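Shown next: work_38.csv, given as CSV, C-alpha atoms.
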chain,number,residue,atom,x,y,z
F,12,MET,CA,-4.0,-14.2,-32.8
F,13,PRO,CA,-1.8,-11.4,-34.0
F,14,LEU,CA,1.9,-12.1,-33.5
F,15,THR,CA,4.9,-9.8,-33.7
F,16,ALA,CA,7.6,-10.1,-36.4
F,17,ASN,CA,9.6,-12.5,-34.1
F,18,GLY,CA,6.6,-14.7,-33.5
F,19,ALA,CA,5.7,-13.5,-30.0
F,20,ILE,CA,2.2,-12.4,-29.0
F,21,ASP,CA,1.6,-8.8,-29.8
F,22,PRO,CA,1.5,-6.7,-26.6
F,23,ASP,CA,-1.4,-4.6,-27.8
F,24,CYS,CA,-3.5,-7.7,-28.6
F,25,PHE,CA,-2.5,-9.2,-25.2
F,26,ARG,CA,-3.7,-6.1,-23.4
F,27,HIS,CA,-6.9,-6.0,-25.5
F,28,VAL,CA,-7.8,-9.6,-24.8
F,29,LEU,CA,-7.1,-9.5,-21.1
F,30,GLY,CA,-9.0,-6.2,-20.9
F,31,ARG,CA,-12.1,-8.3,-21.3
F,32,TYR,CA,-11.6,-9.6,-17.8
F,33,PRO,CA,-12.9,-7.2,-15.2
F,34,THR,CA,-10.6,-6.4,-12.2
F,35,GLY,CA,-11.1,-4.7,-8.9
F,36,VAL,CA,-9.1,-1.5,-8.2
F,37,VAL,CA,-7.0,-1.2,-5.1
F,38,VAL,CA,-4.5,1.3,-3.8
F,39,VAL,CA,-1.5,-0.2,-2.0
F,40,THR,CA,-0.2,2.2,0.6
F,41,ALA,CA,2.6,2.5,3.1
F,42,LEU,CA,4.4,5.3,4.9
F,43,GLY,CA,7.5,6.7,3.3
F,44,ALA,CA,10.7,7.5,5.2
F,45,THR,CA,9.5,11.0,6.1
F,46,GLY,CA,6.1,9.7,7.4
F,47,THR,CA,4.2,10.8,4.3
F,48,ALA,CA,1.7,8.5,2.6
F,49,ILE,CA,2.9,6.7,-0.5
F,50,GLY,CA,1.1,4.3,-2.7
F,51,MET,CA,0.2,2.9,-6.1
F,52,THR,CA,-3.0,2.0,-7.9
F,53,VAL,CA,-3.1,-1.7,-8.7
F,54,GLY,CA,-5.6,-3.7,-10.8
F,55,SER,CA,-3.8,-7.1,-10.3
F,56,PHE,CA,-4.7,-8.0,-6.7
F,57,THR,CA,-6.0,-11.4,-5.5
F,58,SER,CA,-6.5,-13.5,-2.4
F,59,VAL,CA,-4.0,-16.4,-2.3
F,60,SER,CA,-4.6,-18.5,0.8
F,61,LEU,CA,-6.9,-18.8,3.9
F,62,ASP,CA,-4.4,-20.7,6.0
F,63,PRO,CA,-2.2,-18.8,6.4
F,64,PRO,CA,-4.2,-15.7,5.2
F,65,LEU,CA,-2.3,-14.4,2.2
F,66,VAL,CA,-3.0,-11.9,-0.6
F,67,ALA,CA,-0.9,-10.8,-3.6
F,68,PHE,CA,-0.5,-8.0,-6.0
F,69,LEU,CA,1.6,-7.7,-9.1
F,70,PRO,CA,3.5,-4.4,-9.6
F,71,ASP,CA,5.6,-3.5,-12.7
F,72,LYS,CA,9.3,-3.9,-11.8
F,73,ASN,CA,10.1,-0.5,-13.3
F,74,SER,CA,7.4,1.4,-11.4
F,75,SER,CA,8.8,4.2,-9.2
F,76,SER,CA,5.8,3.9,-6.9
F,77,TRP,CA,6.7,0.2,-6.4
F,78,ARG,CA,10.3,1.1,-5.7
F,79,ALA,CA,9.2,3.6,-3.1
F,80,LEU,CA,6.8,1.0,-1.5
F,81,ARG,CA,9.6,-1.6,-1.4
F,82,GLU,CA,12.1,0.9,0.1
F,83,SER,CA,9.5,1.9,2.8
F,84,GLY,CA,9.8,-1.6,4.5
F,85,GLU,CA,7.9,-4.8,4.7
F,86,ARG,CA,4.4,-3.5,5.7
F,87,PHE,CA,1.7,-2.3,3.3
F,88,CYS,CA,-2.1,-1.8,3.2
F,89,VAL,CA,-4.4,-2.8,0.4
F,90,ASN,CA,-7.3,-0.3,0.1
F,91,VAL,CA,-10.3,-1.6,-2.0
F,92,LEU,CA,-11.7,1.5,-3.7
F,93,SER,CA,-15.4,2.2,-3.9
F,94,ALA,CA,-17.2,3.1,-7.2
F,95,ALA,CA,-17.2,6.7,-6.0
F,96,GLN,CA,-13.4,6.8,-5.8
F,97,GLU,CA,-12.3,6.9,-9.4
F,98,ASP,CA,-10.7,10.3,-8.6
F,99,VAL,CA,-8.6,8.7,-5.9
F,100,CYS,CA,-7.6,5.9,-8.3
F,101,ARG,CA,-6.5,8.4,-10.9
F,102,ALA,CA,-4.7,10.7,-8.4
F,103,VAL,CA,-2.6,7.9,-7.0
F,104,ALA,CA,-1.9,6.5,-10.5
F,105,MET,CA,-0.3,9.8,-11.6
F,106,ARG,CA,3.4,10.3,-11.5
F,107,LYS,CA,3.9,12.9,-8.8
F,108,THR,CA,5.5,13.2,-5.5
F,109,ASP,CA,2.6,14.1,-3.1
F,110,LYS,CA,-0.2,11.8,-4.4
F,111,PHE,CA,-2.1,12.0,-1.2
F,112,HIS,CA,-2.3,15.8,-0.9
F,113,ASP,CA,-6.1,15.9,-1.3
F,114,ILE,CA,-6.9,12.3,-0.2
F,115,GLY,CA,-8.1,11.8,3.3
F,116,TRP,CA,-6.6,8.8,5.2
F,117,ARG,CA,-6.1,7.5,8.7
F,118,PRO,CA,-3.5,5.1,10.0
F,119,SER,CA,-4.2,1.4,10.2
F,120,PRO,CA,-3.2,-0.6,13.3
F,121,ALA,CA,0.2,-1.1,11.6
F,122,GLY,CA,0.5,2.6,10.8
F,123,ASN,CA,-0.2,2.2,7.1
F,124,PRO,CA,-2.6,4.7,5.3
F,125,VAL,CA,-6.2,3.6,5.1
F,126,ILE,CA,-8.0,5.7,2.5
F,127,ASN,CA,-11.2,7.3,3.8
F,128,GLY,CA,-14.2,5.8,1.9
F,129,ALA,CA,-12.5,2.5,0.9
F,130,VAL,CA,-14.8,-0.5,0.8
F,131,ALA,CA,-12.3,-2.6,2.7
F,132,TRP,CA,-8.7,-2.5,3.8
F,133,ILE,CA,-6.1,-5.2,4.4
F,134,ASP,CA,-3.0,-4.6,6.4
F,135,CYS,CA,-0.1,-6.9,5.4
F,136,VAL,CA,3.5,-7.7,5.8
F,137,THR,CA,5.5,-8.9,2.8
F,138,GLU,CA,5.9,-12.7,2.9
F,139,GLN,CA,7.5,-13.4,-0.5
F,140,LEU,CA,8.6,-11.7,-3.7
F,141,HIS,CA,8.7,-13.6,-7.0
F,142,ASP,CA,10.0,-12.4,-10.3
F,143,ALA,CA,7.4,-12.8,-13.1
F,144,GLY,CA,8.6,-11.3,-16.4
F,145,ASP,CA,8.4,-7.5,-16.2
F,146,HIS,CA,6.5,-7.7,-13.0
F,147,GLN,CA,6.9,-9.0,-9.5
F,148,ILE,CA,4.4,-11.1,-7.5
F,149,VAL,CA,4.2,-9.7,-4.0
F,150,VAL,CA,2.7,-12.1,-1.5
F,151,GLY,CA,1.6,-10.5,1.7
F,152,ARG,CA,0.6,-12.1,5.0
F,153,VAL,CA,-2.6,-10.5,6.3
F,154,VAL,CA,-2.2,-9.1,9.8
F,155,HIS,CA,-5.4,-7.1,10.0
F,156,LEU,CA,-8.4,-6.4,7.8
F,157,GLN,CA,-11.6,-4.6,8.1
F,158,LEU,CA,-14.7,-3.7,6.1
F,159,GLY,CA,-15.0,0.0,5.3
F,160,ASP,CA,-17.9,1.9,3.8
F,161,ASP,CA,-20.7,-0.3,2.6
F,162,ASP,CA,-20.5,0.6,-1.0
F,163,THR,CA,-19.9,-1.1,-4.3
F,164,PRO,CA,-16.3,-1.5,-5.5
F,165,LEU,CA,-14.6,0.3,-8.4
F,166,LEU,CA,-14.0,-2.0,-11.3
F,167,PHE,CA,-11.8,-1.7,-14.4
F,168,HIS,CA,-13.0,-3.3,-17.6
F,169,ARG,CA,-12.2,-2.8,-21.3
F,170,GLY,CA,-10.2,0.3,-20.6
F,171,SER,CA,-12.8,2.0,-18.4
F,172,TYR,CA,-13.9,2.3,-14.8
F,173,GLY,CA,-17.3,1.3,-13.6
F,174,THR,CA,-19.0,-0.8,-11.0
F,175,PHE,CA,-20.9,-4.0,-10.5
F,176,THR,CA,-24.7,-4.4,-10.2
F,177,PRO,CA,-25.8,-7.9,-9.0
F,178,HIS,CA,-28.6,-9.7,-10.8
So, in terms of structure tokens, how does the structure I just supplied come out?
Amino acid sequence: MPLTANGAIDPDCFRHVLGRYPTGVVVVTALGATGTAIGMTVGSFTSVSLDPPLVAFLPDKNSSSWRALRESGERFCVNVLSAAQEDVCRAVAMRKTDKFHDIGWRPSPAGNPVINGAVAWIDCVTEQLHDAGDHQIVVGRVVHLQLGDDDTPLLFHRGSYGTFTPH
């Protein structure tokens, strides 16, 4: 295992090894102070608990998108992207002010943006924030969820986007 000069695990090696684990791709959304859609692309999303229903995602503490989501309030929506939505993933991942200019969405029951064509969406309210190195763990209590289009999800694996084909 490659180590840095101070004996720590090399970040490039860490990223390379963990890149062998496929992840789903979601966009976490909310409404900004002016009522515009804001959000961030996230590959670190997971279910946490059935009782109570909890999910989590892990944003970088220094992310300006995460800062905007935090400042928007306690509510957010997790949009599970379909395999056909790589363009949405990339558009929201870019550093720009109006990420949703060409992305269709509608409000969830809580008013959060639900991206058109998402495989599923999960409306949440922030339950807990935990510091975890250079990231935070955001635990959200699920207040509403629904299946979207019946499509396969977008996956990220070994630095590329793709999809899943069952055996």
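Atom CA of Arg152 of chain F to atom CA of Phe167 of chain F spans 25.3 Å [interatomic distance, one decimal].
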Near Thr108 of chain F, counting only C-alpha atoms, which residues have an atom at most 10 Å away, once you skip same-chain residues fewer than 5 positions from it, shown as an MDAnalysis selection string?
-> chainID F and resid 49 76 103
Keeping C-alpha atoms for every residue in the selection just given, could you write it to a file as a PDB file, in the coordinates of the input?
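So the final result, stored in selection.pdb, reads:
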ATOM      1  CA  ILE F  49       2.900   6.700  -0.500  1.00  0.00           C
ATOM      2  CA  SER F  76       5.800   3.900  -6.900  1.00  0.00           C
ATOM      3  CA  VAL F 103      -2.600   7.900  -7.000  1.00  0.00           C
TER       4      VAL F 103
END
Counting all atoms listed in the file, the residue of F:Ala104, F:Ala79, F:Val136, F:Cys88 that sits nearest Gln157 of chain F |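 Checking each of F:Ala104, F:Ala79, F:Val136, F:Cys88 against Gln157 of chain F, counting all atoms listed in the file, the winner is F:Cys88.
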Correct to one decimal, the distance atom CA of Ile114 of chain F-atom CA of Leu166 of chain F is 19.4 Å
Considering all atoms listed in the file, return as a PDB file with C-alpha atoms, keeping the file's coordinate frame whatever protein or nucleic-acid residues lie within 6 Å of Ala94 of chain F, sequence-local ones (same chain, fewer than 5 positions apart) excluded.
ATOM      1  CA  THR F 163     -19.900  -1.100  -4.300  1.00  0.00           C
ATOM      2  CA  PRO F 164     -16.300  -1.500  -5.500  1.00  0.00           C
ATOM      3  CA  LEU F 165     -14.600   0.300  -8.400  1.00  0.00           C
ATOM      4  CA  THR F 174     -19.000  -0.800 -11.000  1.00  0.00           C
TER       5      THR F 174
END
Restricting the calculation to only C-alpha atoms, which member of F:Gly50, F:Pro118, F:Pro63, F:Gly18 is positioned closest to Glu138 of chain F?
->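 The closest residue to Glu138 of chain F is F:Pro63.
Using only C-alpha atoms, the nearest neighbour of Pro124 of chain F within the list F:Lys107, F:Val38, F:Ser171, F:Glu97 is F:Val38.
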How far is it from atom CA of Arg169 of chain F to atom CA of His27 of chain F, in Å with one decimal?
->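 Separation of atom CA of Arg169 of chain F and atom CA of His27 of chain F: 7.5 Å.
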Across F:Thr137, F:Ala131, F:Thr52, F:Gly173, the smallest distance to Ser83 of chain F, with all atoms listed in the file counted, is shown by F:Thr137
Of the listed residues F:Gly159, F:Pro33, F:Gly170, F:Pro70, that which approaches Ser119 of chain F most closely, counting all atoms listed in the file =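 Under the stated criterion, the closest residue is F:Gly159.
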So which residues touch Ala67 of chain F within 10 Å, counting only C-alpha atoms, skipping near sequence neighbours fewer than 5 positions away, as a list in words?
->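 That gives Ser55, Phe56, Thr57, Ser58, Val59, Ser60, Val89, Cys135, Thr137, Glu138, Gln139, Leu140, Gln147, Ile148, Val149, Val150, Gly151 and Arg152 of chain F.
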Which residue out of F:Val36, F:Leu61, F:Met105, F:Val125 has the minimum interatomic distance to Tyr172 of chain F when all atoms listed in the file are used?
->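 Looking only at the distances to Tyr172 of chain F, the closest residue turns out to be F:Val36.
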Protein/DNA/RNA residues near (6.2, -1.1, -15.1), cut 12 Å, only C-alpha atoms, as number ranges by chain = F: 51, 53, 69-78, 143-147
Contacts of Ala121 of chain F at 12 Å (all atoms listed in the file; same-chain gap of 4+ positions) as a PyMOL selection string | chain F and resi 40-42+84-88+117+125+132-136+153-156
Which neighbours of Asn127 of chain F fall inside 7 Å, counting only C-alpha atoms, when residues of the same chain fewer than 2 positions from it are skipped, and could you give them as an NGL selection string?
-> :F and (115-116 or 125 or 129)
